[in-house]
Every structure is written in C-alpha cells, then in structure tokens.
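**Student:** Sharing entry_27.pdb here; it has PDB, C-alpha atoms.
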MODEL        1
ATOM      1  CA  MET A 972     -13.292   9.682   3.709
ATOM      2  CA  THR A 973     -14.950   9.963   7.105
ATOM      3  CA  SER A 974     -16.437   6.500   7.566
ATOM      4  CA  LEU A 975     -14.898   3.070   7.910
ATOM      5  CA  SER A 976     -14.296   1.155   4.703
ATOM      6  CA  LEU A 977     -13.480  -2.088   6.476
ATOM      7  CA  PRO A 978     -15.722  -4.275   8.645
ATOM      8  CA  VAL A 979     -15.602  -3.603  12.363
ATOM      9  CA  ALA A 980     -18.267  -5.640  14.099
ATOM     10  CA  ASP A 981     -18.406  -3.750  17.401
ATOM     11  CA  PRO A 982     -20.676  -0.688  16.995
ATOM     12  CA  GLN A 983     -18.973   1.284  19.779
ATOM     13  CA  LEU A 984     -15.552   0.716  18.240
ATOM     14  CA  THR A 985     -16.926   1.670  14.824
ATOM     15  CA  GLU A 986     -18.315   4.928  16.175
ATOM     16  CA  LEU A 987     -15.085   5.734  17.987
ATOM     17  CA  LEU A 988     -12.870   5.034  14.964
ATOM     18  CA  THR A 989     -15.157   6.935  12.618
ATOM     19  CA  GLY A 990     -14.948  10.013  14.807
ATOM     20  CA  ARG A 991     -11.186   9.771  15.154
ATOM     21  CA  LEU A 992     -10.797   9.220  11.407
ATOM     22  CA  SER A 993     -12.795  12.387  10.748
ATOM     23  CA  LEU A 994     -10.358  14.270  12.967
ATOM     24  CA  VAL A 995      -7.422  12.798  11.044
ATOM     25  CA  GLU A 996      -9.041  13.878   7.776
ATOM     26  CA  GLU A 997      -9.435  17.420   9.049
ATOM     27  CA  ARG A 998      -5.838  17.526  10.259
ATOM     28  CA  LEU A 999      -4.618  16.014   6.991
ATOM     29  CA  ARG A1000      -6.210  18.770   4.919
ATOM     30  CA  GLY A1001      -4.634  21.363   7.172
ATOM     31  CA  ALA A1002      -1.241  19.681   6.925
ATOM     32  CA  VAL A1003      -1.136  19.885   3.105
ATOM     33  CA  ALA A1004      -2.245  23.534   2.920
ATOM     34  CA  HIS A1005       0.272  26.017   1.471
ATOM     35  CA  ALA A1006       0.335  29.770   1.017
ATOM     36  CA  ASP A1007       1.777  29.168  -2.459
ATOM     37  CA  VAL A1008      -1.153  28.587  -4.830
ATOM     38  CA  LEU A1009       0.482  25.930  -7.017
ATOM     39  CA  ALA A1010       1.907  24.022  -4.054
ATOM     40  CA  ASP A1011      -1.464  24.166  -2.317
ATOM     41  CA  THR A1012      -3.435  22.949  -5.328
ATOM     42  CA  ALA A1013      -1.015  20.165  -6.220
ATOM     43  CA  SER A1014      -0.665  19.003  -2.600
ATOM     44  CA  ARG A1015      -4.429  18.820  -2.147
ATOM     45  CA  HIS A1016      -4.903  16.889  -5.392
ATOM     46  CA  LEU A1017      -4.672  13.360  -3.993
ATOM     47  CA  VAL A1018      -6.123  14.256  -0.594
ATOM     48  CA  ASN A1019      -9.238  15.543  -2.336
ATOM     49  CA  ALA A1020      -9.377  12.412  -4.520
ATOM     50  CA  GLY A1021     -10.112  10.403  -1.377
ATOM     51  CA  GLY A1022      -8.817   6.910  -0.716
ATOM     52  CA  LYS A1023      -9.235   4.137   1.814
ATOM     53  CA  ARG A1024      -7.041   5.773   4.496
ATOM     54  CA  LEU A1025      -5.967   2.266   5.526
ATOM     55  CA  ARG A1026      -2.765   3.348   7.235
ATOM     56  CA  PRO A1027      -4.255   5.989   9.561
ATOM     57  CA  LEU A1028      -7.154   3.640  10.254
ATOM     58  CA  LEU A1029      -4.696   0.954  11.358
ATOM     59  CA  THR A1030      -2.888   3.495  13.552
ATOM     60  CA  LEU A1031      -6.150   4.446  15.251
ATOM     61  CA  LEU A1032      -7.225   0.815  15.605
ATOM     62  CA  ALA A1033      -3.900  -0.358  17.074
ATOM     63  CA  ALA A1034      -4.060   2.507  19.561
ATOM     64  CA  GLN A1035      -7.246   1.079  21.022
ATOM     65  CA  LEU A1036      -5.096  -1.608  22.630
ATOM     66  CA  GLY A1037      -3.845   1.176  24.918
ATOM     67  CA  GLU A1038      -4.881   4.762  25.599
ATOM     68  CA  GLY A1039      -6.275   5.425  22.167
ATOM     69  CA  GLN A1040      -7.513   8.929  22.894
ATOM     70  CA  ARG A1041      -4.038  10.413  23.292
ATOM     71  CA  PRO A1042      -3.526  13.350  20.891
ATOM     72  CA  GLU A1043      -0.198  11.929  19.702
ATOM     73  CA  VAL A1044      -2.094   9.057  18.069
ATOM     74  CA  VAL A1045      -3.866  11.445  15.693
ATOM     75  CA  ASP A1046      -0.567  13.127  14.840
ATOM     76  CA  ALA A1047       0.949   9.718  14.083
ATOM     77  CA  ALA A1048      -2.008   8.811  11.867
ATOM     78  CA  VAL A1049      -1.505  12.044   9.909
ATOM     79  CA  VAL A1050       2.208  11.273   9.497
ATOM     80  CA  VAL A1051       1.671   7.832   7.958
ATOM     81  CA  GLU A1052      -0.960   9.075   5.508
ATOM     82  CA  LEU A1053       1.146  12.073   4.456
ATOM     83  CA  THR A1054       4.039   9.700   3.861
ATOM     84  CA  HIS A1055       1.849   7.362   1.830
ATOM     85  CA  LEU A1056       0.464  10.206  -0.272
ATOM     86  CA  ALA A1057       3.980  11.468  -0.972
ATOM     87  CA  THR A1058       5.018   8.056  -2.309
ATOM     88  CA  LEU A1059       2.009   8.021  -4.652
ATOM     89  CA  TYR A1060       3.135  11.204  -6.381
ATOM     90  CA  HIS A1061       6.551   9.652  -6.976
ATOM     91  CA  ASP A1062       5.268   6.180  -7.902
ATOM     92  CA  ASP A1063       2.882   7.523 -10.529
ATOM     93  CA  VAL A1064       5.724   9.364 -12.244
ATOM     94  CA  MET A1065       7.968   6.293 -12.230
ATOM     95  CA  ASP A1066       5.173   3.986 -13.431
ATOM     96  CA  SER A1067       3.700   6.510 -15.907
ATOM     97  CA  ALA A1068       0.317   5.837 -14.309
ATOM     98  CA  PRO A1069      -2.316   8.088 -15.935
ATOM     99  CA  VAL A1070      -4.948   7.781 -13.201
ATOM    100  CA  ARG A1071      -4.901   7.692  -9.418
ATOM    101  CA  ARG A1072      -8.039   7.204  -7.303
ATOM    102  CA  GLY A1073     -10.279   7.911 -10.283
ATOM    103  CA  ALA A1074      -8.628  11.274 -10.989
ATOM    104  CA  PRO A1075      -5.799  12.197 -13.373
ATOM    105  CA  ALA A1076      -2.424  11.519 -11.769
ATOM    106  CA  ALA A1077      -0.615  14.685 -10.691
ATOM    107  CA  HIS A1078       2.041  14.343 -13.393
ATOM    108  CA  GLU A1079      -0.717  14.266 -16.014
ATOM    109  CA  VAL A1080      -1.971  17.633 -14.736
ATOM    110  CA  TRP A1081       1.242  19.510 -13.877
ATOM    111  CA  GLY A1082       4.050  17.413 -15.377
ATOM    112  CA  ASN A1083       6.678  15.151 -13.820
ATOM    113  CA  HIS A1084       8.767  17.856 -12.167
ATOM    114  CA  VAL A1085       5.856  19.402 -10.265
ATOM    115  CA  ALA A1086       4.542  15.969  -9.258
ATOM    116  CA  ILE A1087       7.921  14.902  -7.857
ATOM    117  CA  LEU A1088       8.409  18.175  -6.007
ATOM    118  CA  THR A1089       4.881  17.939  -4.584
ATOM    119  CA  GLY A1090       5.716  14.499  -3.224
ATOM    120  CA  ASP A1091       8.815  16.024  -1.651
ATOM    121  CA  LEU A1092       6.695  18.766  -0.086
ATOM    122  CA  LEU A1093       4.438  16.148   1.497
ATOM    123  CA  PHE A1094       7.456  14.285   2.859
ATOM    124  CA  ALA A1095       8.584  17.599   4.367
ATOM    125  CA  ARG A1096       5.194  18.128   6.009
ATOM    126  CA  ALA A1097       5.247  14.566   7.366
ATOM    127  CA  SER A1098       8.693  15.270   8.810
ATOM    128  CA  ALA A1099       7.435  18.439  10.484
ATOM    129  CA  VAL A1100       4.578  16.565  12.154
ATOM    130  CA  VAL A1101       6.692  13.588  13.219
ATOM    131  CA  ALA A1102       9.311  15.924  14.739
ATOM    132  CA  GLY A1103       6.704  16.871  17.329
ATOM    133  CA  LEU A1104       6.396  13.221  18.356
ATOM    134  CA  GLY A1105       9.964  12.939  19.597
ATOM    135  CA  PRO A1106      13.318  11.464  18.530
ATOM    136  CA  ASP A1107      12.173   7.825  18.591
ATOM    137  CA  ALA A1108       9.390   8.606  16.143
ATOM    138  CA  VAL A1109      11.807  10.517  13.913
ATOM    139  CA  ARG A1110      14.186   7.527  13.835
ATOM    140  CA  ILE A1111      11.351   5.134  13.009
ATOM    141  CA  GLN A1112      10.093   7.437  10.266
ATOM    142  CA  ALA A1113      13.603   7.758   8.809
ATOM    143  CA  SER A1114      14.062   3.977   8.791
ATOM    144  CA  THR A1115      10.671   3.534   7.143
ATOM    145  CA  PHE A1116      11.487   6.154   4.511
ATOM    146  CA  GLU A1117      14.776   4.364   3.782
ATOM    147  CA  ARG A1118      12.947   1.088   3.212
ATOM    148  CA  LEU A1119      10.396   2.789   0.959
ATOM    149  CA  CYS A1120      13.249   4.108  -1.189
ATOM    150  CA  LEU A1121      15.084   0.775  -1.226
ATOM    151  CA  GLY A1122      11.915  -1.044  -2.227
ATOM    152  CA  GLN A1123      11.374   1.314  -5.148
ATOM    153  CA  LEU A1124      15.055   1.083  -6.110
ATOM    154  CA  HIS A1125      15.059  -2.716  -6.110
ATOM    155  CA  GLU A1126      11.788  -2.855  -8.042
ATOM    156  CA  THR A1127      13.283  -0.508 -10.632
ATOM    157  CA  VAL A1128      16.556  -2.410 -11.183
ATOM    158  CA  GLY A1129      15.067  -5.901 -10.748
ATOM    159  CA  PRO A1130      16.702  -8.982  -9.226
ATOM    160  CA  ALA A1131      20.397  -9.684  -9.557
ATOM    161  CA  GLU A1132      21.441 -12.635 -11.705
ATOM    162  CA  HIS A1133      21.747 -14.958  -8.700
ATOM    163  CA  GLU A1134      18.450 -13.881  -7.068
ATOM    164  CA  ASP A1135      15.156 -15.701  -7.294
ATOM    165  CA  PRO A1136      12.738 -13.214  -8.941
ATOM    166  CA  VAL A1137       9.806 -14.239  -6.747
ATOM    167  CA  GLU A1138      11.778 -13.895  -3.496
ATOM    168  CA  HIS A1139      13.166 -10.571  -4.725
ATOM    169  CA  TYR A1140       9.617  -9.375  -5.421
ATOM    170  CA  ILE A1141       8.395 -10.351  -1.950
ATOM    171  CA  GLN A1142      11.220  -8.296  -0.443
ATOM    172  CA  VAL A1143      10.220  -5.355  -2.656
ATOM    173  CA  LEU A1144       6.638  -5.619  -1.387
ATOM    174  CA  SER A1145       7.825  -5.850   2.203
ATOM    175  CA  ASP A1146       9.882  -2.686   1.797
ATOM    176  CA  LYS A1147       7.536  -0.657  -0.415
ATOM    177  CA  THR A1148       4.305  -1.490   1.400
ATOM    178  CA  GLY A1149       4.880  -3.638   4.479
ATOM    179  CA  SER A1150       7.275  -1.137   6.075
ATOM    180  CA  LEU A1151       4.798   1.754   6.212
ATOM    181  CA  ILE A1152       1.840  -0.408   7.228
ATOM    182  CA  ALA A1153       3.987  -1.870  10.018
ATOM    183  CA  THR A1154       4.952   1.642  11.109
ATOM    184  CA  SER A1155       1.280   2.637  11.078
ATOM    185  CA  ALA A1156       0.446  -0.133  13.534
ATOM    186  CA  ARG A1157       3.622   0.526  15.541
ATOM    187  CA  PHE A1158       2.905   4.222  15.955
ATOM    188  CA  GLY A1159      -0.659   3.505  17.088
ATOM    189  CA  ALA A1160       0.395   1.095  19.811
ATOM    190  CA  MET A1161       3.501   3.068  20.750
ATOM    191  CA  PHE A1162       1.772   6.412  21.252
ATOM    192  CA  ALA A1163      -1.124   4.776  23.076
ATOM    193  CA  GLY A1164       1.350   3.570  25.695
ATOM    194  CA  CYS A1165       1.200  -0.156  24.901
ATOM    195  CA  ARG A1166       3.827  -2.558  26.223
ATOM    196  CA  PRO A1167       6.861  -3.228  23.988
ATOM    197  CA  ASP A1168       5.731  -6.806  23.302
ATOM    198  CA  VAL A1169       2.377  -5.525  22.004
ATOM    199  CA  VAL A1170       4.166  -3.024  19.766
ATOM    200  CA  SER A1171       6.418  -5.800  18.401
ATOM    201  CA  THR A1172       3.410  -8.007  17.713
ATOM    202  CA  LEU A1173       1.756  -5.260  15.706
ATOM    203  CA  VAL A1174       4.929  -4.572  13.710
ATOM    204  CA  GLU A1175       5.059  -8.222  12.648
ATOM    205  CA  TYR A1176       1.347  -8.139  11.838
ATOM    206  CA  GLY A1177       1.718  -4.974   9.762
ATOM    207  CA  GLU A1178       4.637  -6.305   7.716
ATOM    208  CA  LYS A1179       2.677  -9.420   6.772
ATOM    209  CA  VAL A1180      -0.528  -7.513   6.074
ATOM    210  CA  GLY A1181       1.391  -5.204   3.737
ATOM    211  CA  VAL A1182       2.660  -8.071   1.590
ATOM    212  CA  ALA A1183      -0.816  -9.628   1.515
ATOM    213  CA  PHE A1184      -2.308  -6.296   0.444
ATOM    214  CA  GLN A1185       0.049  -5.891  -2.504
ATOM    215  CA  LEU A1186      -0.340  -9.488  -3.674
ATOM    216  CA  ALA A1187      -4.101  -8.930  -3.678
ATOM    217  CA  ASP A1188      -3.492  -5.764  -5.706
ATOM    218  CA  ASP A1189      -1.699  -7.856  -8.334
ATOM    219  CA  VAL A1190      -4.872  -9.876  -8.795
ATOM    220  CA  ILE A1191      -7.039  -6.754  -8.798
ATOM    221  CA  ASP A1192      -4.860  -5.196 -11.507
ATOM    222  CA  LEU A1193      -6.030  -7.976 -13.830
ATOM    223  CA  SER A1194      -9.631  -8.413 -12.770
ATOM    224  CA  ALA A1195     -11.030  -5.195 -11.327
ATOM    225  CA  ASP A1196     -13.756  -3.054 -12.829
ATOM    226  CA  PRO A1197     -12.211   0.260 -14.010
ATOM    227  CA  ALA A1198     -15.292   2.062 -12.662
ATOM    228  CA  GLN A1199     -14.261   0.936  -9.160
ATOM    229  CA  THR A1200     -10.487   1.266  -9.387
ATOM    230  CA  GLY A1201     -10.106   4.140 -11.835
ATOM    231  CA  LYS A1202      -7.413   2.059 -13.574
ATOM    232  CA  THR A1203      -7.347   0.151 -16.837
ATOM    233  CA  PRO A1204      -6.867  -3.580 -16.138
ATOM    234  CA  GLY A1205      -3.272  -4.578 -16.819
ATOM    235  CA  THR A1206      -1.758  -1.142 -16.199
ATOM    236  CA  ASP A1207       1.201  -2.756 -14.420
ATOM    237  CA  LEU A1208       1.750  -5.110 -17.363
ATOM    238  CA  ARG A1209       1.720  -2.224 -19.812
ATOM    239  CA  GLU A1210       4.306  -0.277 -17.818
ATOM    240  CA  GLY A1211       6.525  -3.310 -17.247
ATOM    241  CA  VAL A1212       5.998  -3.224 -13.480
ATOM    242  CA  PRO A1213       6.652  -6.707 -12.024
ATOM    243  CA  THR A1214       3.643  -8.525 -10.584
ATOM    244  CA  MET A1215       3.389 -11.917  -8.935
ATOM    245  CA  PRO A1216       1.189 -13.551 -11.641
ATOM    246  CA  ALA A1217       3.653 -12.527 -14.359
ATOM    247  CA  LEU A1218       6.655 -13.707 -12.322
ATOM    248  CA  LEU A1219       5.023 -17.063 -11.591
ATOM    249  CA  LEU A1220       4.118 -17.462 -15.256
ATOM    250  CA  ARG A1221       7.698 -16.756 -16.359
ATOM    251  CA  ALA A1222       9.042 -19.262 -13.849
ATOM    252  CA  ARG A1223       6.582 -21.854 -15.053
ATOM    253  CA  ALA A1224       7.243 -21.196 -18.737
ATOM    254  CA  GLY A1225      10.989 -21.507 -18.215
ATOM    255  CA  GLY A1226      10.728 -24.744 -16.252
ATOM    256  CA  ALA A1227      10.221 -28.368 -17.172
ATOM    257  CA  GLU A1228       6.479 -28.118 -16.541
ATOM    258  CA  GLY A1229       6.063 -25.137 -18.874
ATOM    259  CA  THR A1230       3.694 -25.601 -21.784
ATOM    260  CA  THR A1231       3.551 -24.078 -25.238
ATOM    261  CA  ALA A1232       0.571 -22.028 -24.043
ATOM    262  CA  ASP A1233       2.634 -20.702 -21.124
ATOM    263  CA  ARG A1234       5.441 -19.612 -23.424
ATOM    264  CA  GLU A1235       2.997 -18.033 -25.863
ATOM    265  CA  LEU A1236       1.462 -16.030 -23.030
ATOM    266  CA  VAL A1237       4.915 -14.823 -21.954
ATOM    267  CA  ARG A1238       5.480 -13.731 -25.553
ATOM    268  CA  LEU A1239       2.256 -11.710 -25.350
ATOM    269  CA  LEU A1240       3.370 -10.047 -22.109
ATOM    270  CA  ASP A1241       6.713  -9.122 -23.662
ATOM    271  CA  ALA A1242       5.114  -7.617 -26.766
ATOM    272  CA  ASP A1243       4.257  -3.939 -27.228
ATOM    273  CA  LEU A1244       1.208  -3.376 -25.013
ATOM    274  CA  THR A1245       0.727   0.273 -25.916
ATOM    275  CA  GLU A1246      -2.427  -0.426 -27.889
ATOM    276  CA  ASP A1247      -5.527  -1.250 -25.850
ATOM    277  CA  ALA A1248      -6.313  -4.315 -27.962
ATOM    278  CA  ALA A1249      -2.874  -5.842 -27.317
ATOM    279  CA  LEU A1250      -3.145  -5.123 -23.586
ATOM    280  CA  ALA A1251      -6.642  -6.613 -23.434
ATOM    281  CA  GLU A1252      -5.421  -9.807 -25.127
ATOM    282  CA  ALA A1253      -2.541 -10.180 -22.665
ATOM    283  CA  VAL A1254      -4.798  -9.471 -19.673
ATOM    284  CA  ALA A1255      -7.439 -11.926 -20.892
ATOM    285  CA  GLY A1256      -4.837 -14.681 -21.233
ATOM    286  CA  LEU A1257      -3.224 -14.068 -17.864
ATOM    287  CA  ARG A1258      -6.531 -13.560 -16.049
ATOM    288  CA  VAL A1259      -7.622 -17.173 -16.616
ATOM    289  CA  HIS A1260      -4.210 -18.709 -16.005
ATOM    290  CA  PRO A1261      -3.688 -20.730 -12.784
ATOM    291  CA  VAL A1262      -0.946 -18.317 -11.651
ATOM    292  CA  VAL A1263      -3.650 -15.782 -10.754
ATOM    293  CA  GLU A1264      -5.285 -18.207  -8.344
ATOM    294  CA  GLU A1265      -1.846 -19.053  -6.994
ATOM    295  CA  THR A1266      -1.229 -15.353  -6.361
ATOM    296  CA  ARG A1267      -4.582 -15.042  -4.602
ATOM    297  CA  ALA A1268      -3.701 -18.062  -2.448
ATOM    298  CA  ARG A1269      -0.361 -16.480  -1.547
ATOM    299  CA  ALA A1270      -2.137 -13.272  -0.526
ATOM    300  CA  GLU A1271      -4.491 -15.242   1.695
ATOM    301  CA  SER A1272      -1.565 -17.143   3.213
ATOM    302  CA  TRP A1273       0.229 -13.901   4.132
ATOM    303  CA  ALA A1274      -2.994 -12.547   5.644
ATOM    304  CA  GLN A1275      -3.420 -15.735   7.689
ATOM    305  CA  ASP A1276       0.169 -15.412   8.906
ATOM    306  CA  ALA A1277      -0.616 -11.840   9.960
ATOM    307  CA  VAL A1278      -3.630 -13.033  11.923
ATOM    308  CA  ARG A1279      -1.562 -15.748  13.600
ATOM    309  CA  ALA A1280       0.929 -13.088  14.671
ATOM    310  CA  LEU A1281      -1.861 -11.564  16.777
ATOM    311  CA  GLY A1282      -2.083 -14.701  18.903
ATOM    312  CA  THR A1283      -0.636 -13.123  22.045
ATOM    313  CA  LEU A1284      -3.026 -10.151  22.042
ATOM    314  CA  PRO A1285      -6.014 -10.252  24.396
ATOM    315  CA  SER A1286      -9.313 -11.318  22.872
ATOM    316  CA  GLY A1287     -11.869  -8.592  22.269
ATOM    317  CA  ALA A1288     -13.293  -6.132  19.776
ATOM    318  CA  VAL A1289      -9.912  -4.640  18.808
ATOM    319  CA  LYS A1290      -8.286  -7.990  18.057
ATOM    320  CA  ASP A1291     -11.389  -9.057  16.121
ATOM    321  CA  ALA A1292     -11.174  -5.841  14.091
ATOM    322  CA  LEU A1293      -7.489  -6.453  13.344
ATOM    323  CA  VAL A1294      -8.406  -9.916  12.047
ATOM    324  CA  SER A1295     -11.150  -8.389   9.889
ATOM    325  CA  PHE A1296      -8.704  -5.757   8.655
ATOM    326  CA  ALA A1297      -6.295  -8.432   7.387
ATOM    327  CA  GLU A1298      -9.027 -10.516   5.801
ATOM    328  CA  ALA A1299     -10.709  -7.559   4.121
ATOM    329  CA  LEU A1300      -7.477  -6.376   2.506
ATOM    330  CA  VAL A1301      -7.224  -9.568   0.466
ATOM    331  CA  ASP A1302     -10.953 -10.054  -0.112
ATOM    332  CA  ARG A1303     -11.738  -6.879  -1.999
ATOM    333  CA  ALA A1304     -12.522  -5.761  -5.530
ATOM    334  CA  ALA A1305     -10.594  -2.454  -5.525
TER
ENDMDL
END
Can you turn what I pasted into structure tokens?
**Tutor:**
Amino acid sequence: MTSLSLPVADPQLTELLTGRLSLVEERLRGAVAHADVLADTASRHLVNAGGKRLRPLLTLLAAQLGEGQRPEVVDAAVVVELTHLATLYHDDVMDSAPVRRGAPAAHEVWGNHVAILTGDLLFARASAVVAGLGPDAVRIQASTFERLCLGQLHETVGPAEHEDPVEHYIQVLSDKTGSLIATSARFGAMFAGCRPDVVSTLVEYGEKVGVAFQLADDVIDLSADPAQTGKTPGTDLREGVPTMPALLLRARAGGAEGTTADRELVRLLDADLTEDAALAEAVAGLRVHPVVEETRARAESWAQDAVRALGTLPSGAVKDALVSFAEALVDRAA
C-alpha cells in the first residue's frame, strides 16, 4: 500500500502523507527481511498481502500536529505496524482463521508452530526499532504489548460469572485494538514534539477509535462480500469468537423481552457451524436481527466520542482528517 485508503480532503496533506507512507512501506519491508530463508519468507507473507496500514497512517497524521518530518516519526510508524502484523500471526492461529487479507493465513501454509514463531520474530524486530527511540518509547511499547496479551487472554477465557459479557467484551476490544491504535497516535504526536496535552488528547481519541473499529468489524463479519474481505461471512461465529451482535442477542434472548425467535437463533449459533450451509443459516438469521443495527449504532457512538475528544485541537486540515479517519473506520465495507 502506497496511497491513502481513507479520505483526506486537503490535497497537500494527502500528498505529504502518501509520500511518508511509501517511506514507511519501504522501511517495513526492510525490517522483516531475514538471512534465514524460511524466516524471511514467512515474515514477508502478511506484509506482501497488503492491508490498510491504518496504524502507521494514524502515526503519520498525528505527527502533522507538530514537526511531522522528524525521522523518528517514520520509525514509530514502522514499530506500530510490525507490532500489529505480529499479533495477526498469533490471532489467526488462535482463531483457526484460514484466510488473512485475501491470502492463506500463515498457519495454513507453514503450520501453527512456524506461524507463532514468525509472530515472535516480528515482535523482536519491533522491539529492535523501538529501542532506537529511547526508554520512554520502550516503556510505552511494553505497556501496549501487555494490554494486547491481556485482551487476547480475556477474550479466550471469557467473562467471569459476575461480569457483564458486553462490558467484558468492550474491555477486550479496548485492550486488543484500542491500545495499539492509541499508541500509534501517541507516538506520532510524541515524536513530532507536540505538547503533552495534545499527546493525551490523541491517546483518548485512539482508544475510542479502536473500539469503534472493532465493533464495525463485527458487523462486517456478517455482511461483507468475501471478494472484498477475503473472509467467509460468519467466520467469528464458526470459531466461537465473541462478537457484539451475538452477545446482544444472548442478552436479549435470556431477558424478559426475549422472543421465541431470539432463542431459536441462539440455538442456531450454538449448533455445529462446521458445514457451510449451517453457518449460512446462522449468518442469515443474525444479519437481519435488530442487534446488528444496534452494534452499528454503538460503533458510530464510539466514533463520535472519539471525534469529541479532539475538541481542544486547533481547527485545520489535520483535525479534519482525524475526524474523517474516525468516521471512515465505521463506514466501510471491509
């Protein structure tokens, strides 16, 4: 990816970000290169598959609130994308996802052990790059990595008996996705020399944008065209991965307002979804249920909260682009 995938109205800002993103892409490919043939091939697998590069784009965009041309900003953008890519190798193993970015997932090509170790290699490369950015950056990266792990852990074990499943899920999204998106924005502003209050504003914005992004993904998992996403609709349902529509449905079905149709749909979700026909039936039922629209509304609400968090930033092309960034993440088809 060397061009912007999200709307930026100002042509000068678009040109600047496109050029900087091309530099990040070049550096990213260099950062995953290995002398070992297997490590090199496996590490390049997801880089070559492409992707939106949302996190480095946000780093570059946030940096335009300060001295955005500083070389440390590019290094920081490489760090957040390497970290993101590493989590994908691990997530696909845990979720048994067969496809990633339209290509076979790494574990489908080389097996689980190689995929996990490749993710570890990318974390190591991210650590090497972030070490050059100083001790504060290393501490932030370590804290972010901890939250990524905790989010995956809590998603895996599910809510405790006393926890509300929906609130538990929001915390999972905040840790698994919001933490790294917040760090992406934080690094951009931080290494561009922005004031601490600007950095704090962007951290809050990034956390909220991350939750909005994942809630929108829950809707996309049910409704997207496989030709665009490279994923079969309902993949999360098949693998038993919690999603907001399913959680809202279960809450509704177990409550006083639950209908027979709600409970029947829960029964479908809990059935064996290995066969495509069974999965398609469950997806079709959930897709038209009001909980999907409720999930979409929640995504939009989180995005609006993110935009409101930008209130103290000066008006201009960068702030407008940050608003567009938040809105585009929830108004997308893939």
**Student:** Quick one: which residues end up in the PyMOL selection byres ((chain A and resi 1212-1214) around 9) for this structure, as a VMD selection string?
**Tutor:** chain A and resid 1066 1126 to 1127 1129 1140 1186 1189 to 1190 1206 to 1211 1215 to 1219
**Student:** Determine the residue membership of the PyMOL selection byres ((chain A and resi 1266) around 12) for the file above and supply it as a PyMOL selection string.
**Tutor:** chain A and resi 1137+1141+1182-1193+1214-1220+1257-1258+1260-1265+1267-1273+1301
**Student:** Selected by the PyMOL selection byres ((chain A and resi 1004) around 12) in the shown coordinates: which residues, as a VMD selection string?
**Tutor:** chain A and resid 997 to 1003 1005 to 1016 1018 to 1019 1089 1092 to 1093 1096
**Student:** For A:Thr1054, work out the shell of residues within 10 Å, counting all atoms listed in the file and skipping chain neighbours fewer than 5 positions away, then give it as a list of chain:residue names.
**Tutor:** A:Arg1026, A:Val1049, A:Leu1059, A:Gly1090, A:Asp1091, A:Leu1093, A:Phe1094, A:Ala1095, A:Arg1096, A:Ala1097, A:Ser1098, A:Gln1112, A:Thr1115, A:Phe1116, A:Leu1119, A:Leu1151
**Student:** Do a neighbour search on stretch 1153-1157 of chain A at 7 Å with all atoms listed in the file, toss out local chain neighbours closer than 3 positions, and write the hits as a list of chain:residue names.
**Tutor:** A:Arg1026, A:Pro1027, A:Leu1029, A:Thr1030, A:Ala1033, A:Val1051, A:Gly1149, A:Ser1150, A:Ala1160, A:Met1161, A:Val1170, A:Leu1173, A:Val1174, A:Glu1175, A:Gly1177, A:Glu1178
**Student:** For stretch 1254-1259 of chain A, what centre and edge lengths in Å (one decimal) does the axis-aligned box get once 8 Å is added on each side of all its listed atoms, as lines of an AutoDock Vina configuration file?
**Tutor:**
center_x = -5.4
center_y = -13.3
center_z = -18.6
size_x = 20.4
size_y = 23.7
size_z = 21.2
**Student:** Would you kindly return, as a PyMOL selection string, each protein, DNA or RNA residue with an atom no farther than 6 Å from any atom of stretch 1036-1042 of chain A, considering all atoms listed in the file and excluding same-chain residues fewer than 5 positions away?
**Tutor:** chain A and resi 1163-1165
**Student:** Of the residues A:Gly1122, A:Gly1205, A:Lys1290, A:Lys1023, which is the one nearest to A:Thr1245, using all atoms listed in the file?
**Tutor:**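 Answer, going by the shortest atom-to-atom distance: A:Gly1205.
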